[in-house]
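**Q** This is model11.cif (mmCIF, C-alpha atoms).
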data_protein
loop_
_atom_site.label_atom_id
_atom_site.label_comp_id
_atom_site.auth_asym_id
_atom_site.auth_seq_id
_atom_site.Cartn_x
_atom_site.Cartn_y
_atom_site.Cartn_z
CA MET A 30 0.87 1.19 -27.31
CA LYS A 31 -2.19 3.22 -26.29
CA PRO A 32 -2.46 1.76 -22.74
CA ILE A 33 1.25 2.38 -22.20
CA LEU A 34 0.93 5.97 -23.46
CA TYR A 35 -2.02 6.65 -21.15
CA ALA A 36 -0.12 5.14 -18.21
CA LEU A 37 2.89 7.31 -19.03
CA LEU A 38 0.80 10.48 -19.26
CA GLY A 39 -0.98 9.73 -15.98
CA THR A 40 2.21 9.08 -14.07
CA MET A 41 3.98 12.06 -15.65
CA PHE A 42 1.20 14.20 -14.16
CA THR A 43 1.85 12.80 -10.68
CA PHE A 44 5.58 13.30 -11.20
CA MET A 45 5.00 16.94 -12.14
CA CYS A 46 2.99 17.41 -8.94
CA THR A 47 5.97 16.16 -6.95
CA THR A 48 8.13 18.69 -8.79
CA ILE A 49 5.71 21.54 -8.02
CA GLY A 50 5.62 20.51 -4.36
CA SER A 51 9.41 20.43 -4.23
CA ALA A 52 9.45 24.03 -5.51
CA LEU A 53 7.93 25.16 -2.20
CA VAL A 54 11.48 25.13 -0.89
CA TYR A 55 11.89 28.55 -2.54
CA LEU A 56 8.98 30.01 -0.56
CA PHE A 57 9.91 28.94 2.96
CA LYS A 58 12.46 30.97 4.87
CA GLY A 59 14.31 29.41 7.75
CA GLU A 60 13.25 26.25 9.56
CA VAL A 61 10.00 24.57 8.59
CA LYS A 62 7.59 23.94 11.44
CA LEU A 63 7.19 20.31 12.45
CA SER A 64 3.41 20.77 12.34
CA TYR A 65 3.59 21.39 8.58
CA GLN A 66 5.49 18.16 8.03
CA GLN A 67 3.01 16.26 10.20
CA LEU A 68 0.11 17.67 8.18
CA PHE A 69 1.78 16.93 4.83
CA LEU A 70 2.63 13.33 5.71
CA GLY A 71 -0.74 12.67 7.33
CA PHE A 72 -2.57 13.99 4.28
CA ALA A 73 -0.49 11.78 1.98
CA ALA A 74 -1.32 8.77 4.17
CA GLY A 75 -5.05 9.51 4.06
CA VAL A 76 -5.08 9.82 0.28
CA MET A 77 -3.18 6.54 -0.13
CA ILE A 78 -5.52 4.65 2.24
CA ALA A 79 -8.61 5.87 0.37
CA ALA A 80 -7.00 5.18 -3.02
CA SER A 81 -6.14 1.65 -1.93
CA VAL A 82 -9.75 0.93 -1.01
CA TRP A 83 -11.84 2.88 -3.53
CA SER A 84 -9.56 2.87 -6.58
CA LEU A 85 -7.78 -0.49 -6.24
CA LEU A 86 -9.39 -3.08 -3.92
CA ILE A 87 -13.02 -2.50 -4.91
CA PRO A 88 -12.25 -2.60 -8.68
CA SER A 89 -10.09 -5.67 -8.01
CA LYS A 90 -13.05 -7.41 -6.37
CA ASP A 91 -15.39 -6.48 -9.24
CA MET A 92 -12.93 -7.69 -11.89
CA ALA A 93 -12.23 -10.96 -10.06
CA GLN A 94 -15.97 -11.60 -9.82
CA SER A 95 -16.53 -10.91 -13.54
CA LEU A 96 -13.67 -13.27 -14.45
CA GLY A 97 -15.07 -16.05 -12.25
CA GLN A 98 -12.09 -15.98 -9.90
CA ILE A 99 -12.11 -16.64 -6.14
CA GLU A 100 -12.47 -13.08 -4.89
CA TRP A 101 -11.16 -13.45 -1.35
CA LEU A 102 -8.13 -15.38 -2.55
CA VAL A 103 -7.24 -12.87 -5.28
CA LEU A 104 -7.66 -9.83 -3.02
CA SER A 105 -5.91 -11.19 0.05
CA GLY A 106 -3.17 -12.90 -1.96
CA GLY A 107 -2.42 -9.81 -4.03
CA PHE A 108 -2.59 -7.50 -1.01
CA ILE A 109 -0.18 -9.60 1.08
CA THR A 110 2.19 -10.13 -1.85
CA GLY A 111 2.30 -6.38 -2.51
CA ALA A 112 3.15 -5.68 1.13
CA ILE A 113 5.88 -8.34 1.12
CA PHE A 114 7.30 -6.86 -2.10
CA LEU A 115 7.70 -3.46 -0.43
CA LEU A 116 9.10 -5.13 2.68
CA LEU A 117 11.81 -6.74 0.54
CA LEU A 118 12.61 -3.42 -1.15
CA ASP A 119 12.73 -1.84 2.31
CA HIS A 120 15.45 -4.30 3.30
CA ILE A 121 17.37 -4.04 0.01
CA ILE A 122 17.37 -0.35 -0.97
CA PRO A 123 19.59 1.79 1.29
CA HIS A 124 17.55 4.67 2.71
CA GLN A 125 17.02 6.75 5.83
CA HIS A 126 13.84 8.16 7.34
CA LEU A 127 13.25 11.59 8.80
CA GLY A 128 14.07 11.83 12.48
CA GLU A 129 16.24 8.69 12.46
CA ASP A 130 20.01 8.48 12.81
CA GLN A 131 20.54 4.99 11.42
CA PRO A 132 19.99 4.07 7.75
CA GLU A 133 18.07 0.99 6.63
CA GLY A 134 18.58 -1.47 3.80
CA LEU A 135 21.85 -2.81 2.45
CA HIS A 136 25.02 -1.01 3.47
CA ALA A 137 26.09 1.62 0.94
CA MET A 138 28.50 4.53 0.90
CA LEU A 139 25.77 7.13 0.42
CA GLY A 140 25.22 10.45 2.15
CA LYS A 141 22.33 11.08 4.51
CA ASN A 142 20.57 13.41 2.08
CA THR A 143 20.70 10.84 -0.71
CA MET A 144 19.20 8.19 1.56
CA LEU A 145 16.44 10.58 2.65
CA VAL A 146 15.50 10.94 -1.02
CA LEU A 147 15.64 7.17 -1.55
CA ALA A 148 13.20 6.70 1.34
CA VAL A 149 10.60 8.80 -0.49
CA THR A 150 11.48 7.22 -3.84
CA LEU A 151 10.77 3.82 -2.31
CA HIS A 152 7.14 4.60 -1.54
CA ASN A 153 6.59 6.33 -4.87
CA ILE A 154 6.94 2.93 -6.56
CA PRO A 155 3.47 1.60 -5.59
CA GLU A 156 1.91 4.98 -6.40
CA GLY A 157 3.30 4.79 -9.94
CA MET A 158 2.17 1.19 -10.26
CA ALA A 159 -1.36 2.06 -9.16
CA VAL A 160 -1.79 5.03 -11.50
CA GLY A 161 -0.19 3.30 -14.49
CA LEU A 162 -2.23 0.14 -13.94
CA THR A 163 -5.61 1.88 -13.68
CA PHE A 164 -4.99 3.97 -16.82
CA ALA A 165 -3.87 0.91 -18.77
CA ILE A 166 -6.93 -1.10 -17.67
CA ALA A 167 -9.28 1.80 -18.47
CA CYS A 168 -7.79 2.07 -21.94
CA GLN A 169 -7.52 -1.63 -22.75
CA THR A 170 -10.39 -3.47 -21.05
CA GLY A 171 -12.77 -0.80 -19.76
CA SER A 172 -13.15 -2.69 -16.45
CA ILE A 173 -12.13 0.56 -14.77
CA SER A 174 -13.51 3.80 -16.22
CA LEU A 175 -11.15 6.47 -17.48
CA ALA A 176 -12.83 8.86 -15.02
CA SER A 177 -11.82 6.57 -12.13
CA ALA A 178 -8.25 6.45 -13.41
CA LEU A 179 -8.23 10.25 -13.63
CA ALA A 180 -9.61 10.51 -10.09
CA LEU A 181 -6.79 8.30 -8.82
CA ALA A 182 -4.17 10.31 -10.70
CA LEU A 183 -5.59 13.56 -9.33
CA GLY A 184 -5.62 12.14 -5.80
CA ILE A 185 -2.05 10.85 -5.99
CA GLY A 186 -0.97 14.09 -7.65
CA LEU A 187 -2.65 16.10 -4.90
CA GLN A 188 -0.82 14.22 -2.16
CA ASN A 189 2.43 14.47 -4.14
CA LEU A 190 2.34 18.25 -3.74
CA PRO A 191 2.95 18.16 0.04
CA GLU A 192 5.04 15.02 -0.39
CA GLY A 193 7.46 16.89 -2.65
CA ALA A 194 7.70 19.62 -0.05
CA ALA A 195 8.16 17.03 2.70
CA ILE A 196 11.42 15.93 1.09
CA SER A 197 12.83 19.22 -0.27
CA LEU A 198 12.22 21.23 2.91
CA PRO A 199 14.03 18.81 5.27
CA LEU A 200 16.91 18.67 2.79
CA LYS A 201 17.13 22.45 3.02
CA GLN A 202 17.22 22.18 6.81
CA GLU A 203 20.11 19.74 6.47
CA GLY A 204 22.10 22.52 4.82
CA MET A 205 21.41 21.84 1.15
CA SER A 206 20.92 24.80 -1.19
CA ASN A 207 17.43 25.65 -2.47
CA HIS A 208 18.28 24.60 -6.02
CA LYS A 209 19.78 21.25 -5.03
CA ALA A 210 16.96 20.49 -2.56
CA PHE A 211 14.44 21.23 -5.33
CA ILE A 212 16.20 18.93 -7.80
CA MET A 213 16.56 16.09 -5.29
CA GLY A 214 12.92 16.41 -4.22
CA SER A 215 11.79 16.33 -7.85
CA LEU A 216 13.91 13.31 -8.69
CA SER A 217 12.28 11.34 -5.87
CA GLY A 218 9.15 11.20 -8.04
CA ILE A 219 10.77 10.11 -11.31
CA VAL A 220 10.26 6.47 -10.32
CA GLU A 221 6.47 6.88 -10.72
CA PRO A 222 6.40 7.09 -14.55
CA ILE A 223 8.97 4.27 -14.69
CA ALA A 224 6.95 1.95 -12.42
CA GLY A 225 3.66 2.94 -14.07
CA THR A 226 4.91 2.31 -17.60
CA LEU A 227 6.46 -1.06 -16.72
CA THR A 228 3.23 -2.17 -15.01
CA ALA A 229 1.18 -1.08 -18.03
CA MET A 230 3.48 -3.10 -20.30
CA SER A 231 2.97 -6.19 -18.16
CA ILE A 232 -0.82 -6.24 -18.56
CA GLN A 233 -0.39 -6.68 -22.31
CA LEU A 234 0.76 -10.21 -21.53
CA MET A 235 -1.30 -11.14 -18.47
CA GLN A 236 -4.93 -10.01 -18.66
CA THR A 237 -6.19 -12.60 -16.18
CA VAL A 238 -3.94 -11.32 -13.38
CA LEU A 239 -5.28 -7.76 -13.46
CA PRO A 240 -7.38 -8.20 -10.28
CA PHE A 241 -4.29 -9.60 -8.53
CA LEU A 242 -2.16 -6.66 -9.71
CA LEU A 243 -4.71 -4.13 -8.44
CA SER A 244 -4.75 -5.69 -4.97
CA PHE A 245 -0.94 -6.02 -5.16
CA ALA A 246 -0.64 -2.25 -5.67
CA ALA A 247 -3.06 -1.69 -2.78
CA GLY A 248 -0.98 -3.86 -0.44
CA ALA A 249 2.22 -2.09 -1.44
CA MET A 250 0.64 1.32 -0.82
CA MET A 251 -0.76 0.27 2.56
CA TYR A 252 2.66 -1.01 3.61
CA VAL A 253 4.09 2.45 2.93
CA VAL A 254 1.28 4.11 4.88
CA VAL A 255 1.65 1.94 7.98
CA GLU A 256 5.44 1.57 7.90
CA GLU A 257 6.44 5.13 7.04
CA LEU A 258 3.85 7.87 6.56
CA ILE A 259 1.72 7.52 9.69
CA PRO A 260 4.69 7.04 12.09
CA GLU A 261 6.49 10.04 10.55
CA ALA A 262 3.30 12.12 10.80
CA GLN A 263 3.39 11.52 14.57
CA LEU A 264 7.03 12.54 15.14
CA GLY A 265 7.83 15.09 17.83
CA LYS A 266 5.47 16.37 20.49
CA HIS A 267 2.12 14.62 20.49
CA SER A 268 -0.56 16.48 18.57
CA HIS A 269 -3.61 15.76 16.45
CA ILE A 270 -2.29 17.54 13.34
CA GLY A 271 -1.07 14.34 11.65
CA THR A 272 -4.38 12.63 12.49
CA PHE A 273 -6.40 15.46 10.97
CA GLY A 274 -4.17 15.24 7.91
CA VAL A 275 -4.96 11.52 7.50
CA LEU A 276 -8.71 12.06 7.89
CA SER A 277 -8.84 15.01 5.49
CA GLY A 278 -6.74 13.18 2.89
CA PHE A 279 -9.01 10.13 3.08
CA VAL A 280 -12.22 12.15 2.72
CA ILE A 281 -10.91 14.22 -0.20
CA MET A 282 -9.72 11.15 -2.12
CA MET A 283 -12.96 9.30 -1.40
CA LEU A 284 -15.09 12.21 -2.63
CA MET A 285 -12.95 12.59 -5.75
CA ASP A 286 -13.43 8.93 -6.58
CA ILE A 287 -17.19 9.14 -6.01
CA PHE A 288 -17.87 12.33 -7.93
CA LEU A 289 -15.35 11.90 -10.75
CA SER A 290 -16.04 8.22 -11.44
#
Is it possible to give me this structure as structure tokens?
**A**
Amino acid sequence: MKPILYALLGTMFTFMCTTIGSALVYLFKGEVKLSYQQLFLGFAAGVMIAASVWSLLIPSKDMAQSLGQIEWLVLSGGFITGAIFLLLLDHIIPHQHLGEDQPEGLHAMLGKNTMLVLAVTLHNIPEGMAVGLTFAIACQTGSISLASALALALGIGLQNLPEGAAISLPLKQEGMSNHKAFIMGSLSGIVEPIAGTLTAMSIQLMQTVLPFLLSFAAGAMMYVVVEELIPEAQLGKHSHIGTFGVLSGFVIMMLMDIFLS
């Protein structure tokens, strides 16, 4: 029960950060500048790239080595499988991205605002998996330190602040009230504690696949970065704001992992 509890607490923290970010809808008056959205999304992408490398792939390699597994096979297999998993969800779950007129996924009688929320909810799944998994491993096996798990949770929570705003503010621009935009933005993050807890429960049964699961989470996160966050950070007139967001997010997450681990 202890690994599951730790995973739940870690992912509840990241969920609360999404809620706080969504509350920014009360502070902005009128239309939100595109440059803010580019910065928010770029920053989230940078954090997720760094987290995939420093907090997931490197520990996956170390664990695979200690278990006598074939490192390159575990890392590449898990990474590709994670990306394919998100690709399948991308084709199944009905959702719609910012700046696009046509929805994706299976046909459903859902409004545009609901599908905008589902788009963000979709890429919160690997974030929840990653945080829940690292906390569970830190608590159960010690292969990842609790400090490293905390660093990952802080990093994901930090990028969830602008991510929450990146969903609630566009919903407000679509004509939704402040209260409803806040609630919808907050709910987009509720999948993180669900995914994190379920992943933590799975490691109780399958200790030997932990390196695979870490690289799986990394692949799923990188799919989200390449498929959604970076393209959306470059919407509108060409600028370097989204790029600076990616670089700053990467550096901050990397430094957090180094100094807090």
**Q** Care to translate the PyMOL selection byres ((chain A and resi 91) around 12) into actual residues of this file, as a list of chain:residue names?
**A**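 Selection result, ordered by chain and number: A:Trp83, A:Ser84, A:Leu85, A:Leu86, A:Ile87, A:Pro88, A:Ser89, A:Lys90, A:Met92, A:Ala93, A:Gln94, A:Ser95, A:Leu96, A:Gly97, A:Gln98, A:Ile99, A:Glu100, A:Trp101, A:Val103, A:Leu104, A:Ser172, A:Ile173, A:Leu239, A:Pro240, A:Phe241, A:Leu243, A:Ser244.
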**Q** Might you spell out which residues the PyMOL selection byres ((chain A and resi 255-270) around 6) would select in the displayed file, as a VMD selection string?
**A** chain A and resid 67 to 68 70 to 71 74 252 to 254 271 to 273
**Q** List the residues selected by the PyMOL selection byres ((chain A and resi 148-165) around 7) in the file shown, writing them as a PyMOL selection string.
**A** chain A and resi 32-33+35-37+39-40+124-126+144-147+166-169+173+175+178+181-182+217-218+220-222+224-226+228-229+246+249-250+253
**Q** Hey, which of A:Thr43, A:Ser81, A:Ser177, A:Ser215 ends up closest to Met251 (chain A)? Count all atoms listed in the file.
**A**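 Ranked by minimum distance to Met251 (chain A), first place goes to A:Ser81.
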**Q** Report, in Å to a single decimal, how far apart CA of Gly214 (chain A) and CA of Ala73 (chain A) are.
**A**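 Interatomic distance here is 15.5 Å.
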**Q** Give the answer as one residue: which of A:Leu38, A:Lys31, A:Thr48, A:Gln131 has the shortest atom-to-atom distance to Phe211 (chain A), using only C-alpha atoms?
**A**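 Under the stated criterion, the closest residue is A:Thr48.
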**Q** Go through A:Gly274, A:Thr170, A:Ala112, A:Phe57 one by one, measure the shortest atom-to-atom distance of each to Thr237 (chain A) using all atoms listed in the file, and give the residue with the smallest value.
**A**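 Between A:Gly274, A:Thr170, A:Ala112, A:Phe57, the residue approaching Thr237 (chain A) most closely is A:Thr170.
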**Q** Mind giving me the straight-line distance from CA of Ala195 (chain A) to CA of Gly50 (chain A) in Å, one decimal?
**A**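 Separating CA of Ala195 (chain A) from CA of Gly50 (chain A) is a distance of 8.3 Å.
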**Q** Have a look at CA of Asp119 (chain A) and CA of Phe245 (chain A) and let me know their distance in Å, one decimal.
**A**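 Here the two named atoms are 16.1 Å from each other.
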**Q** Within 12 Å of (-15.6, 13.5, -7.9), in the coordinates the file gives, what residues turn up when you count only C-alpha atoms, written out as a ChimeraX atom specification?
**A** /A:176-181,183-184,280-290
